[in-house]
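K.L.:
File target23.cif follows (mmCIF, C-alpha atoms):
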data_model
#
loop_
_atom_site.label_atom_id
_atom_site.label_comp_id
_atom_site.auth_asym_id
_atom_site.auth_seq_id
_atom_site.Cartn_x
_atom_site.Cartn_y
_atom_site.Cartn_z
CA MET N 119 -31.00 -36.62 -32.14
CA LYS N 120 -29.19 -36.12 -28.85
CA ASN N 121 -27.85 -39.14 -26.99
CA ASN N 122 -28.43 -39.76 -23.26
CA GLN N 123 -25.12 -38.18 -22.21
CA GLU N 124 -25.83 -35.01 -24.16
CA LEU N 125 -29.29 -34.76 -22.62
CA ILE N 126 -27.90 -35.28 -19.10
CA THR N 127 -25.20 -32.66 -19.73
CA GLU N 128 -27.73 -30.17 -21.10
CA LYS N 129 -30.01 -30.63 -18.08
CA HIS N 130 -27.08 -30.29 -15.66
CA THR N 131 -25.97 -27.09 -17.38
CA GLN N 132 -29.46 -25.63 -17.21
CA ASN N 133 -29.72 -26.42 -13.50
CA ILE N 134 -26.39 -24.71 -12.73
CA HIS N 135 -27.15 -21.56 -14.66
CA GLN N 136 -30.77 -21.27 -13.55
CA GLY N 137 -29.61 -21.53 -9.95
CA LEU N 138 -26.98 -18.82 -10.41
CA LYS N 139 -29.46 -16.64 -12.28
CA ARG N 140 -31.89 -16.85 -9.34
CA LEU N 141 -29.13 -16.06 -6.85
CA SER N 142 -27.92 -13.09 -8.89
CA THR N 143 -31.31 -11.43 -8.62
CA LEU N 144 -31.02 -11.38 -4.83
CA ARG N 145 -29.53 -8.64 -2.70
CA HIS N 146 -29.94 -10.50 0.59
CA GLY N 147 -29.79 -14.17 1.42
CA ILE N 148 -26.55 -14.88 -0.46
CA PRO N 149 -25.02 -18.13 0.84
CA GLY N 150 -22.32 -17.37 3.42
CA GLY N 151 -19.92 -19.95 1.99
CA LEU N 152 -19.90 -18.42 -1.48
CA GLY N 153 -16.67 -16.63 -2.40
CA ASN N 154 -13.95 -15.14 -0.21
CA PRO N 155 -12.90 -11.65 0.98
CA ARG N 156 -11.53 -10.68 -2.44
CA TRP N 157 -14.26 -12.35 -4.46
CA THR N 158 -17.26 -11.94 -2.19
CA GLY N 159 -20.52 -13.72 -2.87
CA GLU N 160 -22.03 -10.43 -4.00
CA LEU N 161 -19.16 -9.69 -6.37
CA LEU N 162 -19.35 -13.16 -7.92
CA LEU N 163 -23.07 -12.88 -8.47
CA ALA N 164 -22.86 -9.29 -9.71
CA THR N 165 -20.26 -10.32 -12.29
CA TYR N 166 -22.43 -13.24 -13.33
CA GLU N 167 -25.40 -10.85 -13.64
CA MET N 168 -23.41 -8.43 -15.83
CA ALA N 169 -22.46 -11.34 -18.08
CA ARG N 170 -26.12 -12.32 -18.30
CA THR N 171 -27.51 -8.90 -19.13
CA GLY N 172 -24.69 -6.80 -20.58
CA ASP N 173 -25.56 -4.09 -18.07
CA LEU N 174 -24.66 -3.03 -14.55
CA PRO N 175 -26.70 -4.69 -11.78
CA THR N 176 -29.88 -2.85 -10.87
CA ASN N 177 -30.72 -5.00 -7.83
CA GLY N 178 -28.25 -3.49 -5.38
CA LEU N 179 -25.52 -6.14 -5.72
CA GLU N 180 -22.04 -4.71 -5.05
CA TYR N 181 -20.17 -4.87 -8.37
CA ARG N 182 -17.31 -2.44 -7.71
CA VAL N 183 -15.24 -3.79 -4.79
CA GLY N 184 -14.74 -6.76 -2.49
CA LYS N 185 -14.00 -6.87 1.23
CA SER N 186 -10.29 -7.67 1.36
CA GLY N 187 -9.52 -4.62 3.50
CA GLY N 188 -6.67 -3.53 1.24
CA GLY N 189 -5.52 -2.77 -2.30
CA PHE N 190 -8.24 -1.84 -4.78
CA ASP N 191 -10.90 -2.31 -2.11
CA VAL N 192 -9.71 0.71 -0.11
CA LEU N 193 -9.12 2.99 -3.09
CA ASP N 194 -11.80 5.21 -4.56
CA PHE N 195 -12.04 8.11 -7.00
CA LYS N 196 -12.44 11.80 -6.15
CA PHE N 197 -15.53 12.28 -8.26
CA ARG N 198 -16.82 15.70 -9.17
CA THR N 199 -20.34 16.65 -8.20
CA PRO N 200 -22.96 15.08 -10.49
CA ASN N 201 -24.12 18.47 -11.79
CA SER N 202 -20.63 19.69 -12.52
CA GLU N 203 -20.17 21.67 -15.72
CA PHE N 204 -17.08 19.54 -16.29
CA ARG N 205 -19.15 16.34 -16.64
CA THR N 206 -18.32 14.81 -20.03
CA PRO N 207 -21.17 13.69 -22.32
CA ASN N 208 -21.21 9.88 -22.42
CA SER N 209 -21.18 9.74 -26.22
CA GLU N 210 -17.90 11.67 -26.36
CA ILE N 211 -15.92 9.32 -24.10
CA ASP N 212 -13.20 7.28 -25.83
CA LEU N 213 -12.15 3.96 -24.25
CA SER N 214 -9.72 2.88 -26.97
CA ILE N 215 -5.98 2.40 -26.47
CA PRO N 216 -3.13 1.67 -28.89
CA LEU N 217 -1.09 -1.49 -28.34
CA ASN N 218 1.97 -0.24 -30.22
CA ARG N 219 3.71 3.08 -29.65
CA ARG N 220 7.01 2.12 -31.25
CA PRO N 221 8.03 2.93 -34.84
CA TRP N 222 8.08 -0.73 -35.89
CA GLY N 223 5.40 -3.40 -36.02
CA ALA N 224 1.71 -3.24 -36.83
CA LYS N 225 -0.39 -0.38 -35.52
CA ILE N 226 -3.11 -2.06 -33.45
CA GLU N 227 -5.79 -0.36 -31.39
CA ILE N 228 -8.45 -1.99 -29.22
CA PRO N 229 -11.84 -0.38 -28.39
CA PHE N 230 -11.59 -1.13 -24.65
CA PRO N 231 -8.50 -0.86 -22.43
CA ILE N 232 -8.86 -4.58 -21.62
CA TYR N 233 -8.02 -7.94 -23.14
CA GLY N 234 -8.04 -11.58 -22.02
CA GLY N 235 -5.03 -13.11 -20.31
CA GLY N 236 -3.33 -16.43 -20.92
CA MET N 237 -5.21 -19.58 -19.89
CA SER N 238 -3.84 -22.65 -21.57
CA TYR N 239 -5.29 -25.72 -23.23
CA GLY N 240 -5.16 -28.29 -20.47
CA SER N 241 -5.71 -25.80 -17.70
CA ILE N 242 -9.06 -24.80 -19.23
CA SER N 243 -11.40 -26.63 -21.59
CA LEU N 244 -11.25 -26.23 -25.35
CA ASN N 245 -14.87 -25.04 -25.40
CA PHE N 246 -14.03 -22.19 -23.05
CA MET N 247 -11.00 -21.27 -25.19
CA ILE N 248 -13.24 -21.12 -28.26
CA ALA N 249 -15.77 -18.98 -26.39
CA ARG N 250 -13.02 -16.54 -25.43
CA ALA N 251 -11.71 -16.38 -28.99
CA LYS N 252 -15.16 -15.80 -30.46
CA ALA N 253 -15.85 -13.03 -27.94
CA ALA N 254 -12.50 -11.35 -28.63
CA MET N 255 -13.20 -11.31 -32.36
CA ARG N 256 -16.68 -9.91 -31.85
CA LEU N 257 -15.40 -7.18 -29.53
CA GLY N 258 -12.28 -6.34 -31.54
CA THR N 259 -9.93 -7.11 -28.66
CA PHE N 260 -7.65 -10.08 -27.84
CA THR N 261 -7.40 -13.26 -25.85
CA CYS N 262 -4.25 -15.29 -25.15
CA THR N 263 -3.49 -18.98 -25.72
CA GLY N 264 -1.52 -19.43 -22.51
CA GLU N 265 1.36 -21.89 -22.63
CA GLY N 266 -0.51 -25.03 -23.68
CA GLY N 267 -0.23 -24.67 -27.43
CA TYR N 268 -2.59 -23.50 -30.16
CA PRO N 269 -5.52 -25.89 -30.74
CA PRO N 270 -6.60 -25.99 -34.43
CA PRO N 271 -10.22 -24.87 -33.68
CA LEU N 272 -8.80 -21.47 -32.65
CA VAL N 273 -7.19 -20.77 -36.03
CA PRO N 274 -10.27 -19.03 -37.56
CA TYR N 275 -9.93 -16.40 -34.81
CA LYS N 276 -6.14 -15.96 -35.09
CA ASP N 277 -6.27 -12.20 -35.70
CA TYR N 278 -7.64 -11.80 -32.17
CA ILE N 279 -5.47 -14.35 -30.37
CA ILE N 280 -2.12 -13.71 -28.70
CA THR N 281 0.30 -16.61 -29.05
CA GLN N 282 2.16 -17.16 -25.81
CA VAL N 283 5.72 -18.46 -25.72
CA ALA N 284 6.44 -19.68 -22.19
CA THR N 285 9.34 -21.47 -20.53
CA GLY N 286 7.99 -24.98 -21.23
CA MET N 287 7.70 -24.15 -24.96
CA PHE N 288 4.65 -26.42 -25.08
CA GLY N 289 3.05 -26.43 -28.52
CA VAL N 290 5.23 -23.57 -29.79
CA ARG N 291 5.72 -23.98 -33.52
CA GLU N 292 6.70 -21.71 -36.38
CA GLU N 293 3.14 -21.67 -37.73
CA THR N 294 1.60 -20.66 -34.39
CA ILE N 295 4.09 -17.79 -34.16
CA GLN N 296 3.15 -16.73 -37.67
CA TYR N 297 -0.57 -16.83 -36.88
CA ALA N 298 -0.41 -14.03 -34.34
CA ARG N 299 -0.50 -10.25 -34.53
CA ILE N 300 0.80 -10.21 -30.94
CA LEU N 301 3.32 -12.62 -29.43
CA GLU N 302 3.71 -12.87 -25.67
CA ILE N 303 6.92 -14.04 -24.02
CA LYS N 304 5.95 -15.22 -20.55
CA TYR N 305 8.91 -15.12 -18.19
CA ALA N 306 6.89 -15.44 -14.98
CA GLN N 307 3.42 -15.02 -13.55
CA GLY N 308 2.45 -13.12 -10.46
CA ALA N 309 0.39 -15.89 -8.87
CA LYS N 310 3.46 -18.11 -8.52
CA PRO N 311 6.70 -16.29 -9.39
CA GLY N 312 9.80 -18.43 -9.28
CA LEU N 313 7.77 -21.65 -9.38
CA GLY N 314 7.20 -22.16 -13.10
CA GLY N 315 4.08 -23.96 -14.28
CA HIS N 316 2.50 -27.26 -13.29
CA LEU N 317 -0.28 -29.21 -15.01
CA LEU N 318 -1.21 -32.28 -12.98
CA ALA N 319 -1.37 -35.69 -14.61
CA ASP N 320 -5.16 -36.07 -14.35
CA LYS N 321 -5.67 -33.20 -16.79
CA VAL N 322 -3.08 -34.34 -19.36
CA THR N 323 -5.47 -36.21 -21.61
CA THR N 324 -4.40 -37.73 -24.92
CA GLU N 325 -5.42 -34.57 -26.78
CA VAL N 326 -3.64 -32.26 -24.32
CA ALA N 327 -0.52 -34.44 -24.48
CA ARG N 328 -0.57 -34.40 -28.28
CA MET N 329 -0.86 -30.62 -28.36
CA ARG N 330 1.98 -30.20 -25.85
CA GLY N 331 4.22 -32.91 -27.29
CA ALA N 332 4.12 -34.85 -24.03
CA VAL N 333 3.06 -38.20 -22.56
CA SER N 334 -0.57 -38.74 -21.63
CA PHE N 335 -1.50 -38.60 -17.94
CA SER N 336 1.95 -37.47 -16.81
CA SER N 337 2.40 -34.24 -14.86
CA LEU N 338 3.90 -31.43 -16.93
CA TYR N 339 6.23 -28.81 -15.50
CA SER N 340 7.29 -25.50 -16.99
CA PRO N 341 10.71 -24.47 -15.68
CA PHE N 342 11.55 -21.15 -14.14
CA PRO N 343 13.09 -19.31 -15.88
CA PHE N 344 13.96 -19.69 -19.59
CA HIS N 345 17.36 -21.30 -19.19
CA SER N 346 18.61 -19.36 -22.20
CA VAL N 347 17.79 -15.94 -20.75
CA TYR N 348 19.86 -14.43 -17.96
CA SER N 349 20.39 -10.87 -19.21
CA VAL N 350 18.81 -8.11 -21.26
CA GLU N 351 21.03 -9.22 -24.15
CA ASP N 352 19.63 -12.76 -23.91
CA HIS N 353 16.14 -11.30 -23.71
CA ARG N 354 16.82 -9.31 -26.89
CA LYS N 355 17.80 -12.54 -28.67
CA HIS N 356 14.40 -14.03 -27.82
CA VAL N 357 12.65 -10.97 -29.21
CA ASP N 358 14.79 -11.08 -32.35
CA TRP N 359 14.07 -14.81 -32.77
CA LEU N 360 10.30 -14.22 -32.73
CA LYS N 361 10.51 -11.21 -35.04
CA ALA N 362 12.61 -13.19 -37.51
CA ILE N 363 9.67 -15.59 -37.82
CA ASN N 364 6.93 -12.94 -37.71
CA PRO N 365 8.38 -9.47 -38.43
CA GLU N 366 5.09 -7.56 -38.11
CA ALA N 367 3.99 -9.07 -34.80
CA LEU N 368 4.01 -6.95 -31.66
CA ILE N 369 6.02 -8.36 -28.77
CA SER N 370 4.49 -8.45 -25.32
CA VAL N 371 6.68 -9.39 -22.37
CA LYS N 372 4.89 -10.82 -19.35
CA VAL N 373 6.77 -10.69 -16.05
CA SER N 374 5.86 -10.97 -12.38
CA THR N 375 6.64 -8.37 -9.73
CA PRO N 376 10.06 -8.79 -8.12
CA THR N 377 11.41 -5.94 -6.01
CA ASP N 378 13.32 -4.66 -9.04
CA VAL N 379 10.31 -4.85 -11.37
CA ASP N 380 11.06 -1.31 -12.58
CA MET N 381 14.49 -2.41 -13.83
CA VAL N 382 12.99 -5.51 -15.42
CA ALA N 383 10.49 -3.32 -17.28
CA VAL N 384 13.06 -0.90 -18.65
CA GLY N 385 15.19 -3.91 -19.68
CA SER N 386 12.23 -5.21 -21.70
CA TYR N 387 11.91 -1.82 -23.35
CA TYR N 388 15.56 -1.91 -24.44
CA ALA N 389 15.11 -5.51 -25.60
CA GLY N 390 12.50 -4.26 -28.06
CA ALA N 391 9.15 -4.99 -26.41
CA ASN N 392 6.04 -3.18 -27.60
CA ILE N 393 3.96 -4.19 -24.57
CA ILE N 394 5.20 -4.70 -21.02
CA HIS N 395 2.72 -6.86 -19.16
CA ILE N 396 3.16 -6.75 -15.37
CA ASP N 397 1.42 -9.59 -13.51
CA GLY N 398 0.93 -9.04 -9.78
CA GLY N 399 -0.02 -11.36 -6.96
CA TYR N 400 -3.60 -12.53 -6.29
CA GLY N 401 -4.21 -13.47 -9.90
CA GLY N 402 -4.60 -17.01 -11.14
CA THR N 403 -7.05 -19.76 -10.35
CA GLY N 404 -6.80 -22.82 -8.11
CA ALA N 405 -3.70 -23.89 -10.03
CA ALA N 406 -1.57 -21.52 -7.96
CA PRO N 407 -0.74 -22.45 -4.35
CA GLU N 408 -2.34 -20.12 -1.81
CA ILE N 409 1.01 -19.57 -0.08
CA ALA N 410 2.45 -18.30 -3.38
CA LYS N 411 -0.48 -16.03 -4.26
CA LYS N 412 -0.49 -14.37 -0.86
CA ASN N 413 3.18 -14.15 0.07
CA ILE N 414 5.57 -13.88 -2.88
CA ALA N 415 4.68 -11.36 -5.57
CA MET N 416 4.30 -7.64 -5.07
CA PRO N 417 0.63 -6.58 -5.42
CA ILE N 418 -0.09 -5.00 -8.77
CA GLU N 419 -1.27 -1.82 -7.03
CA PHE N 420 2.31 -1.22 -5.83
CA ALA N 421 4.13 -2.50 -8.91
CA ILE N 422 2.42 -0.41 -11.59
CA PRO N 423 3.12 3.06 -10.10
CA ARG N 424 6.73 2.03 -9.56
CA VAL N 425 7.16 0.92 -13.16
CA HIS N 426 5.23 3.89 -14.58
CA LYS N 427 7.35 6.41 -12.68
CA TYR N 428 10.63 4.73 -13.60
CA LEU N 429 9.76 4.59 -17.29
CA LEU N 430 8.84 8.30 -17.08
CA SER N 431 12.19 9.11 -15.45
CA GLU N 432 13.96 7.22 -18.25
CA GLY N 433 12.07 9.22 -20.86
CA VAL N 434 10.55 6.15 -22.54
CA ARG N 435 7.08 5.88 -20.99
CA ASP N 436 5.26 7.01 -24.13
CA GLU N 437 7.14 4.50 -26.30
CA VAL N 438 5.72 1.39 -24.61
CA VAL N 439 2.31 0.11 -23.60
CA LEU N 440 2.06 -0.95 -19.95
CA MET N 441 -0.60 -3.59 -19.22
CA ALA N 442 -1.48 -4.86 -15.75
CA SER N 443 -2.98 -8.10 -14.46
CA GLY N 444 -3.19 -10.06 -11.23
CA GLY N 445 -6.24 -9.51 -9.06
CA ILE N 446 -8.21 -7.18 -11.34
CA ARG N 447 -11.82 -8.23 -10.77
CA THR N 448 -13.99 -5.27 -11.76
CA ALA N 449 -14.22 -2.30 -14.10
CA ASP N 450 -13.42 -0.12 -11.08
CA ASP N 451 -10.22 -2.12 -10.49
CA ALA N 452 -9.27 -1.60 -14.14
CA ALA N 453 -9.89 2.15 -13.89
CA LYS N 454 -7.86 2.35 -10.67
CA ILE N 455 -4.87 0.51 -12.12
CA ILE N 456 -4.92 2.90 -15.10
CA ALA N 457 -5.00 5.86 -12.71
CA LEU N 458 -1.97 4.29 -10.99
CA GLY N 459 -0.04 4.30 -14.26
CA ALA N 460 -1.05 1.42 -16.55
CA ASP N 461 -2.44 1.85 -20.06
CA GLY N 462 -4.87 -1.03 -19.67
CA ALA N 463 -5.78 -4.24 -17.87
CA VAL N 464 -5.56 -7.94 -18.67
CA ILE N 465 -8.18 -10.22 -17.10
CA ALA N 466 -8.69 -13.98 -16.85
CA SER N 467 -10.31 -15.05 -13.59
CA THR N 468 -13.12 -12.53 -14.16
CA GLU N 469 -13.88 -14.14 -17.50
CA CYS N 470 -14.17 -17.46 -15.66
CA VAL N 471 -16.62 -15.90 -13.19
CA ALA N 472 -18.71 -14.71 -16.15
CA VAL N 473 -19.34 -18.36 -17.10
CA ALA N 474 -20.15 -19.57 -13.55
CA CYS N 475 -16.81 -19.88 -11.73
CA THR N 476 -17.39 -19.60 -7.97
CA GLN N 477 -13.70 -19.44 -6.96
CA CYS N 478 -13.96 -22.86 -5.32
CA GLY N 479 -10.29 -23.63 -6.05
CA ASN N 480 -10.93 -27.07 -7.55
CA CYS N 481 -9.20 -26.18 -10.83
CA GLU N 482 -6.39 -28.72 -10.67
CA ARG N 483 -7.92 -31.58 -8.68
CA GLY N 484 -9.05 -34.74 -10.45
CA ARG N 485 -11.38 -33.97 -13.34
CA GLY N 486 -11.15 -30.25 -12.60
CA CYS N 487 -13.96 -27.70 -12.56
CA GLN N 488 -17.47 -29.03 -12.00
CA VAL N 489 -19.00 -26.42 -14.32
CA GLY N 490 -16.75 -27.13 -17.29
CA ILE N 491 -14.27 -24.24 -17.17
CA THR N 492 -10.94 -25.58 -15.90
CA THR N 493 -11.29 -29.16 -17.04
CA THR N 494 -10.17 -31.51 -19.79
CA ASP N 495 -12.77 -34.15 -18.96
CA PRO N 496 -14.75 -34.71 -22.19
CA ASP N 497 -18.10 -34.78 -20.38
CA LEU N 498 -17.52 -31.81 -18.09
CA SER N 499 -16.17 -29.78 -21.03
CA LEU N 500 -19.61 -29.96 -22.66
CA LEU N 501 -21.00 -27.77 -19.86
CA ILE N 502 -19.53 -24.71 -21.59
CA ASP N 503 -21.25 -24.15 -24.91
CA PRO N 504 -18.95 -21.87 -26.99
CA GLU N 505 -21.81 -19.69 -28.27
CA TRP N 506 -23.26 -19.30 -24.77
CA GLY N 507 -19.82 -18.48 -23.38
CA GLU N 508 -19.18 -15.98 -26.16
CA GLU N 509 -22.41 -14.13 -25.41
CA ARG N 510 -21.64 -13.91 -21.71
CA LEU N 511 -18.10 -12.64 -22.24
CA VAL N 512 -19.28 -10.01 -24.72
CA ASN N 513 -21.92 -8.90 -22.21
CA LEU N 514 -19.32 -8.66 -19.45
CA TYR N 515 -17.08 -6.38 -21.53
CA LEU N 516 -20.04 -4.22 -22.55
CA ALA N 517 -21.10 -3.81 -18.93
CA TRP N 518 -17.53 -2.91 -17.95
CA ALA N 519 -17.44 -0.36 -20.77
CA LYS N 520 -20.58 1.28 -19.34
CA ARG N 521 -18.98 1.49 -15.91
CA LEU N 522 -15.71 2.88 -17.30
CA ARG N 523 -17.65 5.58 -19.13
CA GLN N 524 -19.49 6.41 -15.92
CA ILE N 525 -16.20 6.81 -14.07
CA LEU N 526 -14.64 9.00 -16.76
CA GLN N 527 -17.81 11.05 -17.04
CA ASP N 528 -17.86 11.72 -13.30
CA LEU N 529 -14.17 12.67 -13.39
CA GLY N 530 -14.72 15.10 -16.25
CA LEU N 531 -12.39 13.17 -18.59
CA ARG N 532 -12.98 12.51 -22.27
CA SER N 533 -10.65 9.55 -22.79
CA ILE N 534 -9.36 6.58 -20.84
CA ARG N 535 -5.90 7.72 -21.95
CA GLU N 536 -6.35 10.90 -19.91
CA LEU N 537 -6.76 8.78 -16.77
CA ARG N 538 -3.30 7.19 -17.00
CA GLY N 539 -1.11 8.06 -14.04
CA ARG N 540 -3.71 10.37 -12.43
CA THR N 541 -3.03 9.30 -8.86
CA ASP N 542 -4.33 12.73 -7.79
CA LEU N 543 -7.81 11.46 -8.64
CA LEU N 544 -7.55 8.58 -6.15
CA VAL N 545 -8.29 8.62 -2.45
CA LYS N 546 -7.89 5.96 0.24
CA HIS N 547 -10.90 5.29 2.43
#
Take the structure in the file and write it out as structure tokens.
P.N.:
Amino acid sequence: MKNNQELITEKHTQNIHQGLKRLSTLRHGIPGGLGNPRWTGELLLATYEMARTGDLPTNGLEYRVGKSGGGFDVLDFKFRTPNSEFRTPNSEIDLSIPLNRRPWGAKIEIPFPIYGGGMSYGSISLNFMIARAKAAMRLGTFTCTGEGGYPPPLVPYKDYIITQVATGMFGVREETIQYARILEIKYAQGAKPGLGGHLLADKVTTEVARMRGAVSFSSLYSPFPFHSVYSVEDHRKHVDWLKAINPEALISVKVSTPTDVDMVAVGSYYAGANIIHIDGGYGGTGAAPEIAKKNIAMPIEFAIPRVHKYLLSEGVRDEVVLMASGGIRTADDAAKIIALGADGAVIASTECVAVACTQCGNCERGRGCQVGITTTDPDLSLLIDPEWGEERLVNLYLAWAKRLRQILQDLGLRSIRELRGRTDLLVKH
């Protein structure tokens, strides 16, 4: 029998999701205060609708672009005419990509060119982490722990979870390195490059503190950078250290977008990385200061072509996998970043939107998110039921897959791999 708190939580959850469901069926009358130029009210509700149905919106909601006036929002594809003889049959379109092109390490392939980015225990609720892990396993793709450690309830899904090793080394243990098929070294993130990480005291509950090896209700800071890494040679030592513990694991290197991001990427290649993960500005949730998100990092739309072209000039592009994150909100964004030179996309904020995030920016204040996503409050955390969250995330990926197939079909391509670097198929409008 449910207690009073569980009944109150269940009713509150129903009210939130019924309200969003009603809004997502509307084309007009969307509240003016919902969203922002990048995440417009329509785009938020369209994403929520895709997560509800597993299909593209049929009610006229804009699900492809926002209204930022730049970046992905002013790029479009040069589609062929609908009746073109070059139009590829939908059933023949391949969305899979390999995550290892080097001669060592496990050969891993994912069915979509997308996986979930790092969001750590403490920054998001455990229930949401479990939902992400369950969805990744069901889809055959990956999600990432972030830098907050590896909660024991995630272990059953370890074959689909990337263990992140970040500068704070929170929760990094030999066993969590051995769990993973992919290990991610996070040197910096695009939303706040040069600032490290910061988890405010209110969210450092006893359980979060235990997982991170810290003191309860004390703010936690991740330094920038690793103070043991100041060269490619130092970087190689980090890669070697991880591979000594888990020889078969693939190594992903996550970096932000400094002006010499192309040199950073080729350095990671020579250090032995399998995956180079470039994280541009405009990613992240309310945990990143607005001044950092909008003024420091290079947008991912500029960084990826630069890195892609440099790796080509060095003759090593086909030996590494280039993943992009930071402001990728839609399937169209993912397709555009692949056309600009990436192999695939990494998303996090969009997964939050799938489970009712409205981009309110309250992620780090007090108890955190009022709908149970970015919170460690034991009551608010109950608002995300792992099975419900799993279903919505699976639906989101399936809807994105439909849109990606539409795009490839209209371009006359048979594989998402054929789209990589095809800037000739893009047009600015």
K.L.:
Would you kindly translate the PyMOL selection byres ((chain N and resi 169-176) around 8) into the concrete residues it picks from this file, as a list in words?
P.N.:
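Residues picked by the PyMOL selection byres ((chain N and resi 169-176) around 8): Ala164, Thr165, Tyr166, Glu167, Met168, Asn177, Gly178, Leu179, Tyr181, Ala472, Val473, Glu509, Arg510, Leu511, Val512, Asn513, Leu514, Tyr515, Leu516, Ala517, Trp518, Lys520 and Arg521 of chain N.
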K.L.:
Just so the selection is clear, what residues does the PyMOL selection byres ((chain N and resi 428) around 12) cover here, as a list in words?
P.N.:
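For this structure, the PyMOL selection byres ((chain N and resi 428) around 12) resolves to Asp378, Val379, Asp380, Met381, Val382, Ala383, Val384, Gly385, Tyr387, Ala421, Ile422, Pro423, Arg424, Val425, His426, Lys427, Leu429, Leu430, Ser431, Glu432, Gly433, Val434, Arg435 and Gly459 of chain N.
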K.L.:
Interatomic distance between atom CA of His547 of chain N and atom CA of Ala457 of chain N?
P.N.:
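These two atoms are separated by 16.3 Å.
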K.L.:
Hey, could you pull the box centre and edge lengths for segment 249-258 of chain N, axis-aligned, 4 Å padding per side, all listed atoms, to one decimal in Å, as JSON?
P.N.:
{"center_x": -14.2, "center_y": -12.7, "center_z": -28.9, "size_x": 13.0, "size_y": 20.6, "size_z": 14.9}
K.L.:
Evaluate the PyMOL selection byres ((chain N and resi 527) around 7) and record the selected residues as an mmCIF file with C-alpha atoms, keeping the file's coordinate frame, following the chain and residue labels used in the document.
P.N.:
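Final file, result22.cif:
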data_model
loop_
_atom_site.group_PDB
_atom_site.id
_atom_site.type_symbol
_atom_site.label_atom_id
_atom_site.label_comp_id
_atom_site.auth_asym_id
_atom_site.auth_seq_id
_atom_site.Cartn_x
_atom_site.Cartn_y
_atom_site.Cartn_z
ATOM 1 C CA ARG N 205 -19.150 16.340 -16.640
ATOM 2 C CA THR N 206 -18.320 14.810 -20.030
ATOM 3 C CA PRO N 207 -21.170 13.690 -22.320
ATOM 4 C CA ASN N 208 -21.210 9.880 -22.420
ATOM 5 C CA ARG N 523 -17.650 5.580 -19.130
ATOM 6 C CA GLN N 524 -19.490 6.410 -15.920
ATOM 7 C CA ILE N 525 -16.200 6.810 -14.070
ATOM 8 C CA LEU N 526 -14.640 9.000 -16.760
ATOM 9 C CA ASP N 528 -17.860 11.720 -13.300
ATOM 10 C CA LEU N 529 -14.170 12.670 -13.390
ATOM 11 C CA GLY N 530 -14.720 15.100 -16.250
ATOM 12 C CA LEU N 531 -12.390 13.170 -18.590
#
K.L.:
When you count only C-alpha atoms, which of these residues is closest to Ile242 of chain N: N:Thr448, N:Ser337, N:Ser467, N:Ser533?
P.N.:
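Using only C-alpha atoms, the shortest distance to Ile242 of chain N belongs to N:Ser467.
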K.L.:
Please, what distance in Å, to one decimal, runs between atom CA of Met237 of chain N and atom CA of Lys454 of chain N?
P.N.:
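Calculated distance between atom CA of Met237 of chain N and atom CA of Lys454 of chain N is 23.9 Å.
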K.L.:
Which polymer residues, whether protein, DNA or RNA, lie within 10 Å of the coordinate (-11.4, 7.6, -24.7) when you count all atoms listed in the file? List them as a count of residues only, using the chain letters and numbers from the file.
P.N.:
19
K.L.:
Taking all atoms listed in the file into account, name the residue in N:Leu162, N:Met255, N:Phe190, N:Ile394 that is nearest to Leu544 of chain N.
P.N.:
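Smallest separation from Leu544 of chain N among the options: N:Phe190.
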K.L.:
Please measure the separation of atom CA of Leu161 of chain N and atom CA of Val471 of chain N, giving the value in Å to one decimal.
P.N.:
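Those two atoms sit 9.6 Å apart.
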K.L.:
Nearest to Trp157 of chain N: which of N:Gly184, N:Gly390, N:Gly399, N:Gly444 is it, counting all atoms listed in the file?
P.N.:
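The closest residue to Trp157 of chain N is N:Gly184.
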K.L.:
Of the residues N:Val464, N:Ala253, N:Leu458, N:Cys470, which is the one nearest to Gly445 of chain N, using only C-alpha atoms?
P.N.:
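Of N:Val464, N:Ala253, N:Leu458, N:Cys470, the one nearest Gly445 of chain N, counting only C-alpha atoms, is N:Val464.
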K.L.:
When you look at His316 of chain N with a cut-off of 7 Å (counting all atoms listed in the file), what residues show up, excluding the ones that are within fewer than 3 positions of it in the same chain? I need them as a CSV table (one decimal) with C-alpha atoms, keeping the file's coordinate frame.
P.N.:
chain,number,residue,atom,x,y,z
N,338,LEU,CA,3.9,-31.4,-16.9
N,339,TYR,CA,6.2,-28.8,-15.5
N,340,SER,CA,7.3,-25.5,-17.0
K.L.:
Counting all atoms listed in the file, what is within 7 Å of Gln307 of chain N, bar same-chain residues fewer than 6 positions away, as a list of chain:residue names?
P.N.:
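Near neighbours after the sequence-gap exclusion: N:Val373, N:Ser374, N:Asp397.
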K.L.:
Closest to Asn364 of chain N among N:Leu500, N:Ala251, N:Ala224, N:Val333, using only C-alpha atoms?
P.N.:
N:Ala224
K.L.:
So that I can see what lies close to Ser243 of chain N, please list as a ChimeraX atom specification the residues with an atom at most 10 Å from it, counting all atoms listed in the file and leaving out residues fewer than 5 positions away in the same chain.
P.N.:
/N:237-238,248,321,326,486-487,490-496,498-502
K.L.:
Calculated over only C-alpha atoms, which of the candidates N:Thr476, N:Thr377, N:Ser443, N:Asn392 has the smallest distance to Met416 of chain N?
P.N.:
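Nearest to Met416 of chain N: N:Thr377.
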K.L.:
Find the spatial neighbours of Asp451 of chain N, counting all atoms listed in the file, within a cut-off of 10 Å - ignore same-chain residues fewer than 6 positions away - and output them as a list in words.
P.N.:
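Those residues are Arg182, Val183, Gly189, Phe190, Asp191, Leu193, Asp194, Glu419, Gly445, Ala457 and Ala463 of chain N.
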